[in-house]
$ cat protein00.cif   # mmCIF, C-alpha atoms and all ligand atoms
data_work
loop_
_atom_site.group_PDB
_atom_site.id
_atom_site.type_symbol
_atom_site.label_atom_id
_atom_site.label_comp_id
_atom_site.auth_asym_id
_atom_site.auth_seq_id
_atom_site.Cartn_x
_atom_site.Cartn_y
_atom_site.Cartn_z
ATOM 1 C CA MET H 1 16.105 -9.107 2.130
ATOM 2 C CA ARG H 2 17.280 -6.101 4.148
ATOM 3 C CA ASN H 3 14.445 -3.595 3.545
ATOM 4 C CA PHE H 4 11.089 -3.810 1.760
ATOM 5 C CA THR H 5 9.788 -0.650 0.139
ATOM 6 C CA CYS H 6 9.042 -1.592 -3.485
ATOM 7 C CA VAL H 7 8.474 -4.465 -5.902
ATOM 8 C CA LYS H 8 12.187 -4.786 -6.741
ATOM 9 C CA ASP H 9 12.989 -5.736 -3.145
ATOM 10 C CA ILE H 10 10.801 -8.856 -3.262
ATOM 11 C CA GLN H 11 11.822 -9.674 -6.862
ATOM 12 C CA ASN H 12 15.472 -9.666 -5.785
ATOM 13 C CA ALA H 13 14.777 -11.611 -2.594
ATOM 14 C CA CYS H 14 12.732 -14.341 -4.304
ATOM 15 C CA GLY H 15 14.476 -14.341 -7.691
ATOM 16 C CA SER H 16 11.358 -13.129 -9.556
ATOM 17 C CA LEU H 17 7.832 -11.886 -8.949
ATOM 18 C CA ASP H 18 6.470 -15.267 -10.084
ATOM 19 C CA ALA H 19 8.601 -16.959 -7.428
ATOM 20 C CA ALA H 20 7.334 -14.491 -4.807
ATOM 21 C CA VAL H 21 3.714 -15.347 -5.666
ATOM 22 C CA LYS H 22 4.499 -19.079 -5.594
ATOM 23 C CA GLU H 23 6.057 -18.652 -2.161
ATOM 24 C CA ALA H 24 3.000 -16.691 -1.010
ATOM 25 C CA LEU H 25 0.619 -19.431 -2.173
ATOM 26 C CA ALA H 26 2.729 -22.095 -0.450
ATOM 27 C CA ILE H 27 2.646 -20.077 2.784
ATOM 28 C CA LYS H 28 -1.109 -19.636 2.420
ATOM 29 C CA ALA H 29 -1.463 -23.419 2.247
ATOM 30 C CA ASP H 30 0.632 -23.842 5.423
ATOM 31 C CA ARG H 31 1.014 -20.487 7.152
ATOM 32 C CA PHE H 32 2.746 -21.906 10.264
ATOM 33 C CA ALA H 33 5.444 -23.792 8.310
ATOM 34 C CA TYR H 34 8.101 -21.286 9.433
ATOM 35 C CA SER H 35 6.947 -20.719 13.013
ATOM 36 C CA HIS H 36 10.504 -21.379 14.240
ATOM 37 C CA LEU H 37 12.041 -18.607 12.120
ATOM 38 C CA GLY H 38 11.098 -15.682 14.357
ATOM 39 C CA LYS H 39 11.813 -17.274 17.733
ATOM 40 C CA ASN H 40 13.256 -14.633 20.100
ATOM 41 C CA LYS H 41 12.991 -11.975 17.386
ATOM 42 C CA THR H 42 10.924 -8.850 17.934
ATOM 43 C CA LEU H 43 8.965 -6.865 15.362
ATOM 44 C CA MET H 44 8.252 -3.228 16.186
ATOM 45 C CA MET H 45 5.369 -1.685 14.252
ATOM 46 C CA VAL H 46 5.428 2.123 14.276
ATOM 47 C CA PHE H 47 2.267 3.939 13.215
ATOM 48 C CA PHE H 48 2.217 7.645 12.434
ATOM 49 C CA ASN H 49 -1.285 7.120 10.944
ATOM 50 C CA SER H 50 -4.365 5.007 11.609
ATOM 51 C CA SER H 51 -4.793 1.422 10.392
ATOM 52 C CA LEU H 52 -7.047 -1.604 10.711
ATOM 53 C CA ARG H 53 -5.825 -4.128 8.121
ATOM 54 C CA THR H 54 -2.108 -3.379 8.224
ATOM 55 C CA ARG H 55 -2.067 -3.388 12.012
ATOM 56 C CA LEU H 56 -3.858 -6.732 12.344
ATOM 57 C CA SER H 57 -2.499 -8.598 9.323
ATOM 58 C CA THR H 58 1.136 -7.700 9.999
ATOM 59 C CA GLN H 59 0.844 -8.707 13.643
ATOM 60 C CA LYS H 60 -0.743 -11.989 12.551
ATOM 61 C CA ALA H 61 2.069 -12.546 10.047
ATOM 62 C CA ALA H 62 4.674 -11.996 12.765
ATOM 63 C CA LEU H 63 2.835 -14.438 15.047
ATOM 64 C CA ASN H 64 2.757 -17.005 12.201
ATOM 65 C CA LEU H 65 6.548 -16.784 12.165
ATOM 66 C CA GLY H 66 6.894 -17.048 15.961
ATOM 67 C CA MET H 67 7.949 -13.409 16.486
ATOM 68 C CA ASN H 68 7.228 -11.129 19.410
ATOM 69 C CA VAL H 69 5.446 -7.884 18.464
ATOM 70 C CA ILE H 70 5.530 -4.343 19.880
ATOM 71 C CA VAL H 71 3.136 -1.729 18.468
ATOM 72 C CA LEU H 72 3.769 1.994 18.887
ATOM 73 C CA ASP H 73 1.184 4.600 17.886
ATOM 74 C CA ILE H 74 3.210 7.780 17.667
ATOM 75 C CA ASN H 75 0.160 10.014 18.104
ATOM 76 C CA GLN H 76 -1.314 8.135 21.051
ATOM 77 C CA GLY H 77 0.832 7.957 24.183
ATOM 78 C CA ALA H 78 4.256 8.614 22.662
ATOM 79 C CA TRP H 79 6.077 11.943 22.761
ATOM 80 C CA LYS H 80 5.274 14.127 19.800
ATOM 81 C CA LEU H 81 8.209 13.884 17.403
ATOM 82 C CA GLU H 82 10.056 16.704 15.703
ATOM 83 C CA THR H 83 11.070 15.491 12.255
ATOM 84 C CA GLU H 84 13.020 18.478 10.883
ATOM 85 C CA ARG H 85 16.731 18.801 11.647
ATOM 86 C CA GLY H 86 17.927 22.252 12.680
ATOM 87 C CA VAL H 87 14.709 23.524 14.259
ATOM 88 C CA ILE H 88 14.785 25.156 17.699
ATOM 89 C CA MET H 89 12.583 22.779 19.647
ATOM 90 C CA ASP H 90 10.611 25.324 21.669
ATOM 91 C CA GLY H 91 7.184 24.092 20.474
ATOM 92 C CA ASP H 92 4.950 21.159 21.384
ATOM 93 C CA ARG H 93 7.310 18.412 20.127
ATOM 94 C CA PRO H 94 9.623 17.358 22.965
ATOM 95 C CA GLU H 95 11.496 14.513 21.203
ATOM 96 C CA HIS H 96 13.469 14.490 17.969
ATOM 97 C CA ILE H 97 13.033 11.621 15.543
ATOM 98 C CA LEU H 98 16.835 11.367 15.243
ATOM 99 C CA GLU H 99 17.017 10.147 18.861
ATOM 100 C CA ALA H 100 13.697 8.285 18.822
ATOM 101 C CA ILE H 101 14.565 6.080 15.818
ATOM 102 C CA PRO H 102 17.794 4.529 17.165
ATOM 103 C CA VAL H 103 16.129 4.078 20.559
ATOM 104 C CA MET H 104 13.278 2.161 18.890
ATOM 105 C CA GLY H 105 15.850 0.128 16.972
ATOM 106 C CA SER H 106 17.536 -0.894 20.216
ATOM 107 C CA TYR H 107 14.371 -2.716 21.372
ATOM 108 C CA CYS H 108 13.681 -4.837 18.289
ATOM 109 C CA ASP H 109 15.083 -6.794 15.344
ATOM 110 C CA VAL H 110 12.779 -5.583 12.537
ATOM 111 C CA ILE H 111 10.782 -2.342 12.145
ATOM 112 C CA GLY H 112 7.606 -1.708 10.142
ATOM 113 C CA VAL H 113 6.695 1.941 9.533
ATOM 114 C CA ARG H 114 3.434 3.577 8.484
ATOM 115 C CA SER H 115 3.875 7.209 7.530
ATOM 116 C CA PHE H 116 1.522 8.813 4.991
ATOM 117 C CA ALA H 117 2.253 11.738 2.683
ATOM 118 C CA ARG H 118 1.666 14.979 4.535
ATOM 119 C CA PHE H 119 1.062 17.116 1.417
ATOM 120 C CA GLU H 120 3.204 19.864 3.007
ATOM 121 C CA SER H 121 6.170 19.312 0.704
ATOM 122 C CA LYS H 122 6.116 17.204 -2.455
ATOM 123 C CA ASP H 123 9.893 16.814 -2.196
ATOM 124 C CA ASP H 124 9.707 15.512 1.374
ATOM 125 C CA ASP H 125 6.881 13.133 0.478
ATOM 126 C CA TYR H 126 8.493 11.805 -2.714
ATOM 127 C CA ASN H 127 11.915 11.516 -1.024
ATOM 128 C CA GLU H 128 10.224 9.384 1.679
ATOM 129 C CA VAL H 129 11.881 11.465 4.395
ATOM 130 C CA ILE H 130 10.347 9.599 7.360
ATOM 131 C CA LEU H 131 10.770 6.038 6.020
ATOM 132 C CA ASN H 132 14.327 6.721 4.883
ATOM 133 C CA GLN H 133 15.287 8.112 8.274
ATOM 134 C CA PHE H 134 14.204 4.793 9.812
ATOM 135 C CA ILE H 135 16.291 2.937 7.221
ATOM 136 C CA LYS H 136 19.291 5.185 7.885
ATOM 137 C CA TYR H 137 19.217 5.539 11.664
ATOM 138 C CA SER H 138 17.463 2.482 13.180
ATOM 139 C CA GLY H 139 20.220 -0.038 12.485
ATOM 140 C CA ARG H 140 17.443 -2.552 11.693
ATOM 141 C CA PRO H 141 15.741 -3.926 8.582
ATOM 142 C CA VAL H 142 12.772 -1.699 7.798
ATOM 143 C CA PHE H 143 9.645 -2.409 5.775
ATOM 144 C CA SER H 144 6.919 -0.070 4.591
ATOM 145 C CA MET H 145 3.468 -0.487 6.095
ATOM 146 C CA GLU H 146 2.375 2.320 3.685
ATOM 147 C CA ALA H 147 4.654 5.259 3.307
ATOM 148 C CA ALA H 148 4.254 8.583 1.503
ATOM 149 C CA THR H 149 4.539 7.209 -2.026
ATOM 150 C CA GLY H 150 3.896 3.480 -1.825
ATOM 151 C CA HIS H 151 1.995 0.664 -0.154
ATOM 152 C CA PRO H 152 3.896 -2.450 -1.280
ATOM 153 C CA LEU H 153 2.363 -4.870 1.251
ATOM 154 C CA GLN H 154 -1.051 -3.964 -0.193
ATOM 155 C CA SER H 155 0.075 -4.348 -3.798
ATOM 156 C CA PHE H 156 1.672 -7.713 -3.065
ATOM 157 C CA ALA H 157 -1.635 -8.881 -1.541
ATOM 158 C CA ASP H 158 -3.490 -7.485 -4.580
ATOM 159 C CA LEU H 159 -1.177 -9.396 -6.913
ATOM 160 C CA ILE H 160 -1.690 -12.646 -4.990
ATOM 161 C CA THR H 161 -5.469 -12.094 -5.174
ATOM 162 C CA ILE H 162 -5.422 -11.491 -8.929
ATOM 163 C CA GLU H 163 -3.248 -14.566 -9.490
ATOM 164 C CA GLU H 164 -5.752 -16.646 -7.494
ATOM 165 C CA HIS H 165 -8.750 -15.403 -9.491
ATOM 166 C CA LYS H 166 -7.523 -14.778 -13.037
ATOM 167 C CA THR H 167 -8.768 -17.068 -15.808
ATOM 168 C CA VAL H 168 -6.345 -15.907 -18.523
ATOM 169 C CA ALA H 169 -2.571 -15.665 -18.343
ATOM 170 C CA ARG H 170 -2.500 -11.905 -18.932
ATOM 171 C CA PRO H 171 -5.725 -10.353 -17.580
ATOM 172 C CA LYS H 172 -6.857 -6.815 -18.305
ATOM 173 C CA VAL H 173 -6.541 -4.853 -15.054
ATOM 174 C CA VAL H 174 -7.983 -1.330 -14.790
ATOM 175 C CA LEU H 175 -7.017 1.113 -12.052
ATOM 176 C CA THR H 176 -9.741 3.737 -11.825
ATOM 177 C CA TRP H 177 -9.776 7.013 -9.905
ATOM 178 C CA ALA H 178 -13.041 7.573 -7.985
ATOM 179 C CA PRO H 179 -14.307 10.583 -6.033
ATOM 180 C CA HIS H 180 -13.665 11.146 -2.314
ATOM 181 C CA PRO H 181 -14.399 14.042 0.061
ATOM 182 C CA LYS H 182 -10.790 14.301 1.317
ATOM 183 C CA ALA H 183 -7.437 14.609 -0.429
ATOM 184 C CA LEU H 184 -5.768 11.192 -0.265
ATOM 185 C CA PRO H 185 -2.128 10.267 -0.970
ATOM 186 C CA GLN H 186 -1.048 8.512 -4.168
ATOM 187 C CA ALA H 187 0.645 5.638 -2.282
ATOM 188 C CA VAL H 188 -1.844 2.878 -3.168
ATOM 189 C CA PRO H 189 -2.259 3.759 -6.877
ATOM 190 C CA ASN H 190 1.500 4.349 -7.228
ATOM 191 C CA SER H 191 2.344 0.914 -5.869
ATOM 192 C CA PHE H 192 -0.501 -0.789 -7.703
ATOM 193 C CA ALA H 193 0.738 0.680 -10.999
ATOM 194 C CA GLU H 194 4.288 -0.408 -10.213
ATOM 195 C CA TRP H 195 3.320 -3.994 -9.301
ATOM 196 C CA MET H 196 0.824 -4.502 -12.146
ATOM 197 C CA GLN H 197 3.459 -3.494 -14.688
ATOM 198 C CA ALA H 198 6.045 -5.727 -13.017
ATOM 199 C CA ALA H 199 3.522 -8.565 -13.383
ATOM 200 C CA ASP H 200 3.181 -7.655 -17.094
ATOM 201 C CA TYR H 201 -0.619 -7.582 -17.059
ATOM 202 C CA ASP H 202 -2.644 -5.658 -19.660
ATOM 203 C CA PHE H 203 -2.787 -2.614 -17.390
ATOM 204 C CA VAL H 204 -4.818 0.573 -17.910
ATOM 205 C CA ILE H 205 -5.160 3.620 -15.666
ATOM 206 C CA THR H 206 -8.251 5.810 -15.951
ATOM 207 C CA HIS H 207 -8.767 9.143 -14.223
ATOM 208 C CA PRO H 208 -9.966 12.672 -14.962
ATOM 209 C CA GLU H 209 -7.377 14.964 -16.544
ATOM 210 C CA GLY H 210 -5.034 16.422 -13.932
ATOM 211 C CA TYR H 211 -4.757 13.210 -11.882
ATOM 212 C CA GLU H 212 -1.720 11.794 -13.709
ATOM 213 C CA LEU H 213 0.492 9.753 -11.376
ATOM 214 C CA ALA H 214 4.201 10.427 -10.955
ATOM 215 C CA PRO H 215 6.040 9.196 -14.077
ATOM 216 C CA GLU H 216 8.254 6.839 -12.073
ATOM 217 C CA PHE H 217 5.115 4.941 -10.996
ATOM 218 C CA ALA H 218 2.879 5.392 -14.068
ATOM 219 C CA GLY H 219 5.713 3.979 -16.183
ATOM 220 C CA ASN H 220 4.444 2.904 -19.591
ATOM 221 C CA ALA H 221 0.889 2.153 -18.458
ATOM 222 C CA ARG H 222 -1.859 3.175 -20.883
ATOM 223 C CA VAL H 223 -3.814 6.155 -19.544
ATOM 224 C CA GLU H 224 -7.429 6.432 -20.731
ATOM 225 C CA TYR H 225 -9.416 9.532 -19.704
ATOM 226 C CA ASP H 226 -12.732 7.977 -20.763
ATOM 227 C CA GLN H 227 -13.643 5.684 -17.863
ATOM 228 C CA MET H 228 -16.262 3.683 -19.796
ATOM 229 C CA LYS H 229 -13.785 3.019 -22.603
ATOM 230 C CA ALA H 230 -11.142 1.924 -20.088
ATOM 231 C CA PHE H 231 -13.562 -0.543 -18.462
ATOM 232 C CA GLU H 232 -14.408 -2.317 -21.734
ATOM 233 C CA GLY H 233 -13.354 -5.975 -21.473
ATOM 234 C CA ALA H 234 -11.687 -5.537 -18.077
ATOM 235 C CA ASP H 235 -11.111 -8.673 -15.990
ATOM 236 C CA PHE H 236 -10.294 -6.749 -12.805
ATOM 237 C CA VAL H 237 -11.340 -3.230 -11.760
ATOM 238 C CA TYR H 238 -9.326 -1.641 -8.960
ATOM 239 C CA ALA H 239 -10.889 1.555 -7.608
ATOM 240 C CA LYS H 240 -9.054 4.161 -5.558
ATOM 241 C CA ASN H 241 -9.139 7.868 -4.958
ATOM 242 C CA TRP H 242 -6.001 9.963 -5.002
ATOM 243 C CA ALA H 243 -5.231 13.665 -4.935
ATOM 244 C CA ALA H 244 -3.457 15.422 -7.781
ATOM 245 C CA TYR H 245 0.295 14.890 -8.154
ATOM 246 C CA SER H 246 1.351 17.354 -10.849
ATOM 247 C CA GLY H 247 2.867 20.781 -10.309
ATOM 248 C CA ASP H 248 1.194 23.302 -8.024
ATOM 249 C CA ASN H 249 -1.874 21.053 -7.783
ATOM 250 C CA TYR H 250 0.033 18.530 -5.639
ATOM 251 C CA GLY H 251 -2.264 17.269 -2.877
ATOM 252 C CA LYS H 252 -5.338 19.073 -4.233
ATOM 253 C CA ILE H 253 -8.820 17.806 -5.146
ATOM 254 C CA LEU H 254 -9.490 18.780 -8.768
ATOM 255 C CA CYS H 255 -12.642 16.762 -9.451
ATOM 256 C CA THR H 256 -15.704 15.734 -7.464
ATOM 257 C CA ASP H 257 -17.625 14.209 -10.374
ATOM 258 C CA ARG H 258 -19.731 11.398 -8.919
ATOM 259 C CA SER H 259 -20.213 9.842 -12.353
ATOM 260 C CA TRP H 260 -16.768 8.283 -11.661
ATOM 261 C CA THR H 261 -18.211 6.283 -8.724
ATOM 262 C CA VAL H 262 -17.941 2.626 -9.761
ATOM 263 C CA SER H 263 -21.463 1.263 -10.323
ATOM 264 C CA GLU H 264 -23.230 -1.436 -12.310
ATOM 265 C CA ARG H 265 -23.255 1.024 -15.235
ATOM 266 C CA GLN H 266 -19.473 0.786 -15.700
ATOM 267 C CA MET H 267 -19.171 -2.858 -14.589
ATOM 268 C CA ALA H 268 -21.669 -3.842 -17.335
ATOM 269 C CA VAL H 269 -19.093 -3.192 -20.089
ATOM 270 C CA THR H 270 -16.359 -5.283 -18.423
ATOM 271 C CA ASN H 271 -15.626 -8.967 -18.927
ATOM 272 C CA ASN H 272 -17.671 -9.728 -15.799
ATOM 273 C CA ALA H 273 -14.801 -8.114 -13.904
ATOM 274 C CA HIS H 274 -13.872 -8.664 -10.315
ATOM 275 C CA PHE H 275 -14.054 -5.495 -8.216
ATOM 276 C CA MET H 276 -11.120 -4.643 -5.952
ATOM 277 C CA HIS H 277 -10.306 -1.924 -3.396
ATOM 278 C CA CYS H 278 -7.682 -1.846 -0.650
ATOM 279 C CA LEU H 279 -10.181 -0.687 2.033
ATOM 280 C CA PRO H 280 -11.275 1.280 3.949
ATOM 281 C CA VAL H 281 -13.732 2.393 1.283
ATOM 282 C CA ARG H 282 -16.413 5.070 1.327
ATOM 283 C CA ARG H 283 -19.485 3.385 -0.126
ATOM 284 C CA ASN H 284 -21.440 5.293 -2.740
ATOM 285 C CA MET H 285 -18.494 7.681 -3.196
ATOM 286 C CA ILE H 286 -15.913 5.186 -4.510
ATOM 287 C CA VAL H 287 -18.253 2.255 -5.260
ATOM 288 C CA THR H 288 -21.943 1.506 -4.966
ATOM 289 C CA ASP H 289 -23.325 -0.931 -2.408
ATOM 290 C CA ASP H 290 -24.393 -3.272 -5.226
ATOM 291 C CA VAL H 291 -20.923 -3.578 -6.719
ATOM 292 C CA ILE H 292 -18.992 -4.000 -3.479
ATOM 293 C CA GLU H 293 -21.519 -6.579 -2.243
ATOM 294 C CA SER H 294 -21.654 -8.505 -5.526
ATOM 295 C CA PRO H 295 -20.199 -12.026 -5.852
ATOM 296 C CA ARG H 296 -17.493 -10.499 -8.116
ATOM 297 C CA SER H 297 -16.178 -8.279 -5.323
ATOM 298 C CA LEU H 298 -12.777 -9.358 -3.947
ATOM 299 C CA VAL H 299 -12.365 -6.740 -1.218
ATOM 300 C CA ILE H 300 -12.467 -9.299 1.614
ATOM 301 C CA PRO H 301 -10.138 -11.898 0.008
ATOM 302 C CA GLU H 302 -7.591 -9.197 -0.856
ATOM 303 C CA ALA H 303 -7.672 -7.902 2.740
ATOM 304 C CA ALA H 304 -7.208 -11.495 3.963
ATOM 305 C CA ASN H 305 -4.194 -11.832 1.670
ATOM 306 C CA ARG H 306 -2.506 -8.991 3.557
ATOM 307 C CA GLU H 307 -1.578 -11.625 6.162
ATOM 308 C CA ILE H 308 0.076 -13.680 3.416
ATOM 309 C CA SER H 309 2.024 -10.833 1.803
ATOM 310 C CA ALA H 310 3.270 -9.724 5.231
ATOM 311 C CA THR H 311 4.278 -13.285 6.153
ATOM 312 C CA VAL H 312 6.382 -13.617 2.981
ATOM 313 C CA VAL H 313 8.034 -10.227 3.536
ATOM 314 C CA LEU H 314 8.855 -10.909 7.199
ATOM 315 C CA LYS H 315 10.111 -14.398 6.314
ATOM 316 C CA LYS H 316 12.517 -12.967 3.741
ATOM 317 C CA ILE H 317 13.772 -10.371 6.241
ATOM 318 C CA LEU H 318 14.204 -12.965 9.018
ATOM 319 C CA GLU H 319 16.120 -15.288 6.686
ATOM 320 C CA ASN H 320 18.616 -12.475 6.140
ATOM 321 C CA LEU H 321 19.141 -11.456 9.798
HETATM 322 N N1 LIG H 401 -5.527 -1.260 3.150
HETATM 323 C C1 LIG H 401 -4.958 -0.859 4.286
HETATM 324 O O1 LIG H 401 -3.742 -0.606 4.361
HETATM 325 O O2 LIG H 401 -5.818 -0.746 5.345
HETATM 326 P P1 LIG H 401 -5.491 -0.031 6.718
HETATM 327 O O3 LIG H 401 -5.265 1.435 6.409
HETATM 328 O O4 LIG H 401 -6.693 -0.259 7.584
HETATM 329 O O5 LIG H 401 -4.247 -0.631 7.299
#

$ encode --input "protein00.cif" --output "C-alpha cells"
Amino acid sequence: MRNFTCVKDIQNACGSLDAAVKEALAIKADRFAYSHLGKNKTLMMVFFNSSLRTRLSTQKAALNLGMNVIVLDINQGAWKLETERGVIMDGDRPEHILEAIPVMGSYCDVIGVRSFARFESKDDDYNEVILNQFIKYSGRPVFSMEAATGHPLQSFADLITIEEHKTVARPKVVLTWAPHPKALPQAVPNSFAEWMQAADYDFVITHPEGYELAPEFAGNARVEYDQMKAFEGADFVYAKNWAAYSGDNYGKILCTDRSWTVSERQMAVTNNAHFMHCLPVRRNMIVTDDVIESPRSLVIPEAANREISATVVLKKILENL
C-alpha cells in the first residue's frame, strides 16, 4: 500500500475488508509478530492539530513493527507554515509548506499527517489540500491521522471493535448526531459512514435536518430524522457531533437541542446496544455519564483498537517500501 486515506486503500492492500479485519485480529493476538519489518525505517508523525489517542496509538504501532518515530507538532516549536501558493510572505509565517514537506520527507520513510478541516473554504477542506500536498511533494508514503474529511484509522478501529462484539452477521449500526458547543469537522462521521457501508452492515444515520453529510460519504445509507425511531433495535450506537456540510451553512452549528444527547431514554429502545464514540467526548453533551460508564460502552476497547488499526496500516505500507 502506498498511501492510506480511505477504506478502498486497505481493501486493495488486503484483498477485501474481511481480510483486513482478519489480519487485524491476527496482529492483535501477536502484535510483535512483525517487529523486524520496520528495522531502520523511520515514521514521521506531523500534527497540525491536537491528539491523545492518535499520537500514542500510532507511535505504539510503529514500535510494534520495530520502527523509529519522530513527532512534529507544527504549532509548537516549528516555524509557522504558509500553505497558500502565490502569497507574499510578509506576515507571521516564515516557512512555506512547499519547502517544509520535501524537507520532512528527506528525514523519514513514512509520514502520518493530522490536519483538520479549517472551515475557511469548503473546497479546500473537501479537496484535502494539506494531506494531498504531503502525498504530492514528500516523496514518501503518506497516511491520514485524521484529515479534513476523513479519519480512516479511527473507522478501521471501530470496524474491528464491532466485529469483535457483534452477535449477528449483519448488525444494525446507528450513527447519531449529538450536540456540542463548538463546530466540529465531519471527518469522523464521513469515514464511519464510508466504512460501515463497505462492511455492508444495516446502517442508519440520524441527525436533525440540515446536518446531511456529503453525498460521497453518506452514500446509500438510510437517513432517519427521528432519533428514537432510528435507535429502535440497534445493536451499536455511534455518537458524534459534526457541523453542517450543506451550502452556505458549511461549518455552522444549526442545532443545540440537548434532547439529542444519548441517554438511557434512547438506549432503552435499542437491542441492548453497545455505545461507541471515538473520544474525546464531552459528557452530558454527547452522552450521559450513565451510558458511557455502562457495561455496554465500548469507548475504551475501540480506543485500544487504534493501536491495531495503525499496526495493520503501517505493516501494509512497510511491505510495499
Ligand atoms: N479519536 C481520536 O482520533 O482521538 P485523538 O484526537 O485524541 O487522537

$ resolve_selection --input "protein00.cif" --expression "the PyMOL selection byres (((not hetatm)) within 10 of (chain H and resi 401))" --output "ChimeraX atom specification"
/H:47,49-58,114,145-146,151-155,157,188,277-281,299,302-303,306

$ atom_distance --input "protein00.cif" --atom1 "CA of Glu264 (chain H)" --atom2 "CA of Glu232 (chain H)"
12.9 Å

$ resolve_selection --input "protein00.cif" --expression "the PyMOL selection byres (((chain H and resi 253) around 8) and not hetatm)" --output "PyMOL selection string"
chain H and resi 182-183+243-244+251-252+254-256

$ closest_atom_pairs --input "protein00.cif" --of "region 105-148 of chain H" --to "region 245-249 of chain H" --cutoff "12 Å" --atoms "all atoms listed in the file" --output "tab-separated table"
residue	atom	partner	partner_atom	distance
H:Ala117	CA	H:Tyr245	CA	11.5
H:Phe119	CA	H:Tyr245	CA	9.9
H:Glu120	CA	H:Asp248	CA	11.7
H:Ser121	CA	H:Asp248	CA	10.8
H:Lys122	CA	H:Tyr245	CA	8.5
H:Asp123	CA	H:Gly247	CA	11.4
H:Asp125	CA	H:Tyr245	CA	11.0
H:Tyr126	CA	H:Tyr245	CA	10.3

$ closest_residue --input "protein00.cif" --among "H:Asn241, H:Gln11, H:Asn3, H:Thr311" --to "Asp257 (chain H)" --atoms "all atoms listed in the file"
H:Asn241

$ residues_around --input "protein00.cif" --residues "Ala169 (chain H)" --least-positions-apart "4" --cutoff "10 Å" --atoms "all atoms listed in the file" --output "ChimeraX atom specification"
/H:163,200-201

$ closest_residue --input "protein00.cif" --among "H:Val113, H:Leu17, H:Leu81, H:Met196" --to "Met45 (chain H)" --atoms "all atoms listed in the file"
H:Val113

$ closest_residue --input "protein00.cif" --among "H:Asp235, H:Glu84, H:Glu212, H:Asp109" --to "Val173 (chain H)" --atoms "only C-alpha atoms"
H:Asp235

$ atom_distance --input "protein00.cif" --atom1 "CA of Ala304 (chain H)" --atom2 "CA of Ile10 (chain H)"
19.6 Å

$ atom_distance --input "protein00.cif" --atom1 "CA of Gly77 (chain H)" --atom2 "CA of Gly38 (chain H)"
27.6 Å

$ axis_aligned_box --input "protein00.cif" --around "region 18-36 of chain H" --padding-each-side "6 Å" --output "JSON"
{"center_x": 4.5, "center_y": -19.2, "center_z": 2.1, "size_x": 24.0, "size_y": 21.4, "size_z": 36.3}

$ residues_around --input "protein00.cif" --residues "region 283-287 of chain H" --least-positions-apart "3" --cutoff "9 Å" --atoms "all atoms listed in the file" --output "VMD selection string"
chain H and resid 177 to 181 239 to 241 258 260 to 263 290 to 292

$ residues_around --input "protein00.cif" --residues "Leu43 (chain H)" --least-positions-apart "5" --cutoff "10 Å" --atoms "all atoms listed in the file" --output "list in words"
Gly38, Thr58, Gln59, Ala62, Leu63, Met67, Asn68, Val69, Ile70, Val71, Gly105, Tyr107, Cys108, Asp109, Val110, Ile111, Gly112, Val142 and Leu314 of chain H

$ closest_residue --input "protein00.cif" --among "H:Ile317, H:Ala61, H:Val204, H:Ala273" --to "Lys166 (chain H)" --atoms "only C-alpha atoms"
H:Ala273

$ closest_residue --input "protein00.cif" --among "H:Thr42, H:Asn271, H:Thr5, H:Thr83" --to "Trp195 (chain H)" --atoms "all atoms listed in the file"
H:Thr5

$ resolve_selection --input "protein00.cif" --expression "the PyMOL selection byres (((chain H and resi 98) around 10) and not hetatm)" --output "VMD selection string"
chain H and resid 81 to 85 95 to 97 99 to 103 133 to 134 136 to 138

$ residues_around --input "protein00.cif" --residues "Asp226 (chain H)" --least-positions-apart "3" --cutoff "7 Å" --atoms "only C-alpha atoms" --output "ChimeraX atom specification"
/H:206,229-230
